[in-house]
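Q: Got a structure for you, written out below as structure tokens; questions coming shortly.
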Protein chains: 2
Amino acid sequence: MELAKRRGFIWPTSECYGAVAGFIDYGPLGAMMKRRVENIWRDFYIVQEGYYEIECPNIAQEAVFIASGHVKGFSDKMCQCPHCREYLRADHVAEAGNIRNASVMNNDELSQAITSCICPACEEILGNVEVFNFNLMFSTTIGPGSQRVGYLRPETAQGMFVDFPRLLRFYRDKLPFGAVQIGKSYRNEISPRQGMIRLREFTQAEAEVFVHPALKNHHPSFPRYKEYRMPLLTWVQQERCEDPVEMSMQEAVDRGIIANEYVAYYVALTHELLVTIGIKPERLRFRQHLPDERAHYATDCWDAEVFSPRFGWVETVGIVDRTDYDLRAHAAQSGTPMTIFIQYDEPKRTKRRRIIPNMSVLGKQYRTKAKAILAALETAIPTSDGADIRIGEENIHIPASLFEIRDEVIEVRGEDITPHVIEPSYGIDRMCYAVLEQAYDEDIADGEKRTIMRLSPNVAPVQVAVFPLMSRDGLDIIAGDITHAFHRKGILAEYDDSGAIGRRYRRQDEIGTPFAVTVDYDTKDTNSVTLRDRDTMSQARIPVAELTDTVGALVAGRIKFASLLK
Amino acid sequence: MELAKRRGFIWPTSECYGAVAGFIDYGPLGAMMKRRVENIWRDFYIVQEGYYEIECPNIAQEAVFIASGHVKGFSDKMCQCPHCREYLRADHVAEAGNIRNASVMNNDELSQAITSCICPACEEILGNVEVFNFNLMFSTTIGPGSQRVGYLRPETAQGMFVDFPRLLRFYRDKLPFGAVQIGKSYRNEISPRQGMIRLREFTQAEAEVFVHPALKNHHPSFPRYKEYRMPLLTWVQQERCEDPVEMSMQEAVDRGIIANEYVAYYVALTHELLVTIGIKPERLRFRQHLPDERAHYATDCWDAEVFSPRFGWVETVGIVDRTDYDLRAHAAQSGTPMTIFIQYDEPKRTKRRRIIPNMSVLGKQYRTKAKAILAALETAIPTSDGADIRIGEENIHIPASLFEIRDEVIEVRGEDITPHVIEPSYGIDRMCYAVLEQAYDEDIADGEKRTIMRLSPNVAPVQVAVFPLMSRDGLDIIAGDITHAFHRKGILAEYDDSGAIGRRYRRQDEIGTPFAVTVDYDTKDTNSVTLRDRDTMSQARIPVAELTDTVGALVAGRIKFASLLK
């Protein structure tokens with residue numbers, strides 16, 4: 001983190017006023033790297049999957065979060081240390097005090113349980129403290145006069161659920177389809193102490209895939225990943241304290257370990273995506289939520305966890321089958337249908353039992369009530385004895401003689417169904433943290449210790465460095481032209497002519513620049529330059545005319561540096 | 001806007017709960033278009049100018065906005081209609097009532113002035129209403145216990161000012177340098193009624209260019225734009241009700257019309273950028289702020305205004321010389337230096353008058369005060385008579401006999417200066433609105449009315465449509481392969497096989513897709529397809545092998561469609 005701060009990856013936010021916990025700035029290199037990570041995510045979800053991105057506001061009105069359950073239920077259990085007045089997460093205090101099952105205790109139980117625990121801030125014994133719920137949404141008011149409560153969204157997902165009717169029309173009323181969103185989300189954490197791992201303002205990349213509930217085992221592209229193998233840590237294994245088992249996605253679905261093809265598909269895609277940005281497979285595992293850990297609406301949930309020497313296994317991506325919970329909740333709260341009419345391949349013939357009342361008798365006998373009785377009979381369940389109906393507060397028995405029962409066969413063209421939602425949800429900041437942490441390395445170069453960020457070329461902020469051996473004799477001009485040629489091809493090149501060449505290499509190694517070009521005196525005669533590989537420090541001589549294409553191919557991973565060595 | 005809603009460019013936000021004024025959703029096509037506009041902006045500011053992007057949080061602590069002046073001064077004058085209780089902007093009410101100089105009135109004057117004005121909501125005469133200030137920042141609290149006030153940033157700029165010390169180190173202590181940011185900003189408008197033009201949550205793209213105050217007439221790349229000509233509407237012309245005058249940037253700087261090369265450079269760059277995304281030059285003007293319209297810290301300010309038939313001239317970009325106001329304000333508020341040490345080419349010899357006190361006498365005479373007097377003498381201005389100093393509340397005269405005056409010559413290596421900031425600030429949503437509004441067109445195609453979005457190919461969301469003439473005989477498979485080939489090249493292609501070919505063209509015309517490929521029965525024999533140009537509806541036959549390169553070149557604007565016609 002010292003390196004990340006010094007070289008411009010991650011900075012404390014508004015540092016000159018005393019940084020605020022839970023917020024960070026991405027410096028010039030960090031923001032560039034983050035953008036590359038986001039664009040790789042888009043390659044997977046927008047280009048490969050064909051889902052469109054939408055962009056909803058960060059602030060949303062209260063009704064959205066009443067429906068989603070966040071207003072009522074999105075809270076942590078909090079207490080305040082009576083000695084130092086620090087606010088604490090009661091469940092974290094309990095866990096630190098080795099109290100079991102803290103996560104399932106209610107406020108009173110937790111309050112009882114932590115009396116002998118120690119305040120992590122002042123290290124006094126807590127004693128009697130009240131435990132209460134603290135809602136994690138940041139609230140604000142929209143417009144003057146505090147007329148309207150608004151919240152900063154705690155997840156990007158809700159915007160896509162609320163837009164379902166519009167999305168459905170955009171996708172011409174056909175399932176499955178997906179919408180994705182990359183944007184800020186906000187959680188007003190009680191006392192975040194883990195840097196980039198627990199942020200109050202963070203970037204999510206979420207996809208909401210709307211599917212027919214009966215077709216969750218028919219992802220159209222499942223063959224792409226059915227043979228994809230990875231270690232899975234199921235909830236059963238966790239309860240038995242067993243190690244993850246490696247298997248293919250097909251096997252996981254067939255054995256009922258992963259709930260359906262859709263979830264398995266995004267588990268595999270997530271594994272591929274994380275490895276693509278430079279996460280080492282051996283530091284990556286997929287852990288299934290325990291039944292009591294799952295959100296109440298979820299039928300299956302898998303977390304991609306990345307191992308950090310500093311923080312342990314860190315949840316970085318969640319893949320969850322949210323069922324029809326969200327769409328039903330918004331339909332109920334708003335009164336807007338959130339369904340799709342699915343036409344059957346051919347109309348279904350279905351039997352219906354209808355009551356045909358004897359109008360003339362009924363009218364005479366019941367007079368003013370006759371109309372209400374007619375309506376009630378339409379949905380009544382008749383027996384041979386007659387039908388019992390209810391008009392207002394009154395139970396009325398209609399004898400069988402007053403109606404006729406007719407069994408009809410009708411044609412039904414289709415039905416309204418509420419789609420289910422499969423949601424892969426990525427924490428972009430945690431991905432960036434993992435990439436930085438895993439890239440950090442030290443080795444010996446030219447007899448000196450060298451600090452090196454072994455960033456994957458596709459996420460390295462600066463993609464190639466360009467050095468004139470000397471800043472004179474026209475070498476600087478050639479190097480300047482090469483730098484511009486890279487820029488025209490969309491390759492971020494950094495020109496540097498200050499200091500000894502060794503020092504310039506060190507500076508670039510430290511920020512993870514994968515390749516460096518040196519323009520030397522031979523360049524003028526041979527029209528070629530030296531291209532150096534960061535990791536192996538080996539060098540190849542490349543014609544200037546081929547340089548941008550070669551570096552472009554190296555950065556995109558289409559060729560390996562070793563292939564350039566003769 | 002009907003088309004924009006129906007086809008998925010812009011949607012009302014959380015529509016099913018009743019949309020909230022001042023917030024919009026970008027639908028699938030709108031979000032894609034917005035991203036293309038942002039990336040063109042990056043091509044100019046990051047690739048061409050070489051400035052790095054950073055990313056600061058949307059929420060920032062109060063101290064930042066105390067220093068910037070937003071807590072105290074970022075407010076609109078508001079009143080409430082006594083009849084319908086609607087909150088109104090008092091200055092807008094006054095302007096609608098043809099009251100002159102409303103913008104420079106204080107609250108009491110404005111209150112007097114609008115008594116006979118009409119409420120725009122209920123159309124009653126207002127009568128006596130109180131006018132008061134309403135701060136436009138959204139506020140929230142960070143952490144539990146309402147400990148800490150936070151605000152949603154009203155501009156992205158402040159994050160870059162606050163990060164100045166870190167940025168300076170990143171750029172190795174050399175001026176000029178720039179930092180840019182694309183992100184959300186928030187203004188809690190009193191009653192926004194202008195759709196995408198006045199949003200409470202909007203996207204800004206801002207560049208802060210830090211320059212040496214003495215070198216504002218030396219932009220290193222000024223030659224790029226010095227001959228660039230455009231119509232300028234100066235403040236003098238506005239006062240005289242004259243038309244804009246066309247001139248080159250060099251001329252504008254030389255004649256003192258634009259304050260300096262830096263401002264002129266970004267005025268020209270902005271013109272080029274807006275034309276690049278498809279704004280028609282004849283609907284674009286650069287208007288200088290009037291002296292009483294400028295922020296108090298600004299020395300010169302130009303707005304790029306785009307003409308809208310619906311809203312008139314709309315401020316879309318502002319280019320302002322913010323001087324050293326912001327850095328000085330943050331330095332004063334935080335106590336952190338926001339300066340750069342500029343070394344002189346060679347040390348300057350400078351005279352200094354020093355007071356050398358006679359220690360022994362002074363010590364005896366003033367005893368306990370002697371130390372304070374010594375310190376005060378260091379900065380005192382002595383006369384032949386002695387020196388007058390102030391210790392606490394006491395004025396003390398030190399006679400000339402108690403010290404000696406020595407004139408010294410010292411070497412000064414350089415000086416600490418506070419850089420000035422030139423800021424081009426872009427409203428991305430307004431740019432998107434202008435692009436959509438100007439692209440909308442209707443014409444006659446094949447004898448029928450056709451609705452067409454004449455979007456510039458570089459911002460069109462879908463870049464090429466791919467149609468199999470029939471969805472059988474293998475044509476659909478060829479068209480599918482072509483679609484994938486486009487995706488692999490990073491070109492967004494949309495496959496469509498439903499309905500008559502004419503209807504498919506219409507659908508794409510309506511969303512501004514610039515090119516369409518048709519796979520027909522000849523394709524199997526000749527390995528070529530028809531490529532159709534949206535605007536001219538002319539068609540060219542292109543070999544499949546050349547298709548992705550050709551369309552890529554058309555989208556990037558490297559070739560014109562006419563060149564494909566033989």
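Here, A, B, ... name the chains of the structure tokens in the order displayed, residue numbers run from 1 inside each chain, and ligands are numbered from 1 in the same displayed order.
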Give the strand (DSSP E or B) residues of stretch 139-242 of chain A, as DSSP finds them on the backbone, and put them as a ChimeraX atom specification.
A: /A:139-142,148-152,177-186,201-211,229-233
Q: Those residues with N, CA, C and O atoms, as a short mmCIF file (atom, residue, chain, number, x, y, z; two decimals), in the first residue's frame please?
A:
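The result, stored in out-v9.cif:
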data_model
loop_
_atom_site.label_atom_id
_atom_site.label_comp_id
_atom_site.auth_asym_id
_atom_site.auth_seq_id
_atom_site.Cartn_x
_atom_site.Cartn_y
_atom_site.Cartn_z
N SER A 139 -28.75 8.44 3.61
CA SER A 139 -29.99 9.10 3.19
C SER A 139 -29.76 10.57 2.94
O SER A 139 -28.81 11.17 3.43
N THR A 140 -30.62 11.14 2.14
CA THR A 140 -30.57 12.57 1.85
C THR A 140 -31.99 13.01 1.53
O THR A 140 -32.92 12.21 1.62
N THR A 141 -32.18 14.28 1.22
CA THR A 141 -33.50 14.72 0.81
C THR A 141 -33.42 15.34 -0.57
O THR A 141 -32.45 16.02 -0.90
N ILE A 142 -34.45 15.08 -1.36
CA ILE A 142 -34.49 15.57 -2.73
C ILE A 142 -35.38 16.79 -2.78
O ILE A 142 -36.52 16.74 -2.32
N ARG A 148 -38.89 15.03 0.17
CA ARG A 148 -38.80 13.69 -0.37
C ARG A 148 -37.52 13.04 0.11
O ARG A 148 -36.43 13.58 -0.11
N VAL A 149 -37.63 11.88 0.74
CA VAL A 149 -36.44 11.17 1.18
C VAL A 149 -35.82 10.45 -0.01
O VAL A 149 -36.53 9.87 -0.83
N GLY A 150 -34.52 10.50 -0.11
CA GLY A 150 -33.81 9.75 -1.13
C GLY A 150 -32.68 8.98 -0.47
O GLY A 150 -32.23 9.33 0.62
N TYR A 151 -32.26 7.91 -1.11
CA TYR A 151 -31.13 7.13 -0.59
C TYR A 151 -30.09 6.97 -1.69
O TYR A 151 -30.43 6.86 -2.88
N LEU A 152 -28.84 6.93 -1.27
CA LEU A 152 -27.79 6.51 -2.20
C LEU A 152 -27.91 5.00 -2.32
O LEU A 152 -27.94 4.29 -1.31
N PHE A 177 -32.91 -12.34 -21.29
CA PHE A 177 -32.11 -11.17 -21.65
C PHE A 177 -31.41 -10.66 -20.39
O PHE A 177 -31.78 -11.04 -19.27
N GLY A 178 -30.43 -9.82 -20.60
CA GLY A 178 -29.68 -9.31 -19.46
C GLY A 178 -29.47 -7.82 -19.55
O GLY A 178 -29.49 -7.25 -20.65
N ALA A 179 -29.32 -7.20 -18.41
CA ALA A 179 -28.92 -5.80 -18.36
C ALA A 179 -27.75 -5.73 -17.38
O ALA A 179 -27.72 -6.49 -16.40
N VAL A 180 -26.83 -4.86 -17.65
CA VAL A 180 -25.68 -4.75 -16.76
C VAL A 180 -25.47 -3.29 -16.39
O VAL A 180 -25.96 -2.39 -17.06
N GLN A 181 -24.75 -3.11 -15.32
CA GLN A 181 -24.48 -1.75 -14.87
C GLN A 181 -23.15 -1.73 -14.12
O GLN A 181 -22.90 -2.61 -13.30
N ILE A 182 -22.32 -0.76 -14.43
CA ILE A 182 -21.10 -0.53 -13.66
C ILE A 182 -21.26 0.84 -13.03
O ILE A 182 -21.49 1.83 -13.73
N GLY A 183 -21.20 0.90 -11.72
CA GLY A 183 -21.37 2.21 -11.10
C GLY A 183 -21.13 2.16 -9.61
O GLY A 183 -20.86 1.11 -9.03
N LYS A 184 -21.25 3.35 -9.01
CA LYS A 184 -21.00 3.47 -7.59
C LYS A 184 -22.19 2.94 -6.78
O LYS A 184 -23.34 3.14 -7.16
N SER A 185 -21.89 2.28 -5.67
CA SER A 185 -22.89 1.94 -4.66
C SER A 185 -22.33 2.38 -3.32
O SER A 185 -21.13 2.65 -3.18
N TYR A 186 -23.22 2.44 -2.32
CA TYR A 186 -22.86 3.10 -1.06
C TYR A 186 -23.39 2.31 0.12
O TYR A 186 -24.55 1.89 0.12
N GLU A 201 -18.10 3.88 -0.14
CA GLU A 201 -18.46 4.16 -1.53
C GLU A 201 -17.60 3.26 -2.39
O GLU A 201 -16.38 3.31 -2.30
N PHE A 202 -18.24 2.43 -3.19
CA PHE A 202 -17.48 1.43 -3.94
C PHE A 202 -18.10 1.26 -5.32
O PHE A 202 -19.20 1.73 -5.59
N THR A 203 -17.35 0.59 -6.20
CA THR A 203 -17.84 0.38 -7.56
C THR A 203 -18.27 -1.06 -7.75
O THR A 203 -17.50 -1.98 -7.45
N GLN A 204 -19.50 -1.23 -8.20
CA GLN A 204 -20.01 -2.55 -8.51
C GLN A 204 -20.16 -2.72 -10.01
O GLN A 204 -20.45 -1.77 -10.73
N ALA A 205 -19.98 -3.94 -10.47
CA ALA A 205 -20.36 -4.30 -11.83
C ALA A 205 -21.34 -5.46 -11.67
O ALA A 205 -20.97 -6.52 -11.18
N GLU A 206 -22.59 -5.20 -12.02
CA GLU A 206 -23.61 -6.22 -11.81
C GLU A 206 -24.32 -6.54 -13.11
O GLU A 206 -24.58 -5.66 -13.93
N ALA A 207 -24.63 -7.81 -13.27
CA ALA A 207 -25.48 -8.23 -14.39
C ALA A 207 -26.74 -8.84 -13.81
O ALA A 207 -26.68 -9.59 -12.82
N GLU A 208 -27.87 -8.48 -14.37
CA GLU A 208 -29.14 -9.10 -13.98
C GLU A 208 -29.65 -9.83 -15.22
O GLU A 208 -29.95 -9.21 -16.24
N VAL A 209 -29.70 -11.15 -15.11
CA VAL A 209 -30.11 -11.95 -16.25
C VAL A 209 -31.51 -12.48 -15.96
O VAL A 209 -31.72 -13.19 -14.96
N PHE A 210 -32.46 -12.09 -16.80
CA PHE A 210 -33.86 -12.44 -16.60
C PHE A 210 -34.16 -13.70 -17.40
O PHE A 210 -33.96 -13.72 -18.62
N VAL A 211 -34.62 -14.73 -16.70
CA VAL A 211 -34.79 -16.03 -17.37
C VAL A 211 -36.18 -16.62 -17.06
O VAL A 211 -36.81 -16.28 -16.05
N ARG A 229 -13.36 -26.67 -15.47
CA ARG A 229 -13.16 -27.30 -14.17
C ARG A 229 -12.61 -26.31 -13.15
O ARG A 229 -11.78 -25.48 -13.49
N MET A 230 -13.07 -26.41 -11.92
CA MET A 230 -12.51 -25.57 -10.86
C MET A 230 -12.86 -26.16 -9.50
O MET A 230 -13.77 -26.98 -9.39
N PRO A 231 -12.13 -25.76 -8.47
CA PRO A 231 -12.43 -26.29 -7.13
C PRO A 231 -13.68 -25.61 -6.56
O PRO A 231 -13.79 -24.39 -6.60
N LEU A 232 -14.61 -26.40 -6.08
CA LEU A 232 -15.84 -25.87 -5.49
C LEU A 232 -15.90 -26.25 -4.01
O LEU A 232 -15.67 -27.41 -3.66
N LEU A 233 -16.20 -25.26 -3.20
CA LEU A 233 -16.34 -25.52 -1.77
C LEU A 233 -17.83 -25.44 -1.43
O LEU A 233 -18.37 -24.35 -1.22
#
Q: Atom CA of B:Pro468 and atom CA of B:Tyr495, how far apart in Å?
A: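 It comes out at 8.4 Å.
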Q: Using only C-alpha atoms for the distances, tell me which of A:Asp535, A:Met431, A:Val245, A:Arg240 is nearest to A:Thr270.
A: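 Ranked by minimum distance to A:Thr270, first place goes to A:Met431.
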Q: With distances taken over only C-alpha atoms, which residue among B:Gly335, B:Gly69, B:Gly312, B:Pro223 lies nearest chain A?
A: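 Closest to chain A of all the choices is B:Gly335.
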Q: Give the answer as one residue: which of A:Arg454, A:Arg153, A:His330, A:His83 has the shortest atom-to-atom distance to chain B, using only C-alpha atoms?
A: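 Smallest separation from chain B among the options: A:His330.
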Q: Find the residues around A:Ile10 up to 12 Å (only C-alpha atoms counted), leave out those fewer than 4 positions away in its own chain, and share them as number ranges by chain.
A: A: 1-6, 15, 23-34, 195-196, 429, 432-433, 436; B: 54-56, 163, 166-167, 170
Q: With only C-alpha atoms as the counted atoms, please give the residues lying no more than 10 Å from A:Ser401, apart from itself and same-chain residues fewer than 6 positions off, as a VMD selection string.
A: chain A and resid 357 to 358 361 384 to 386
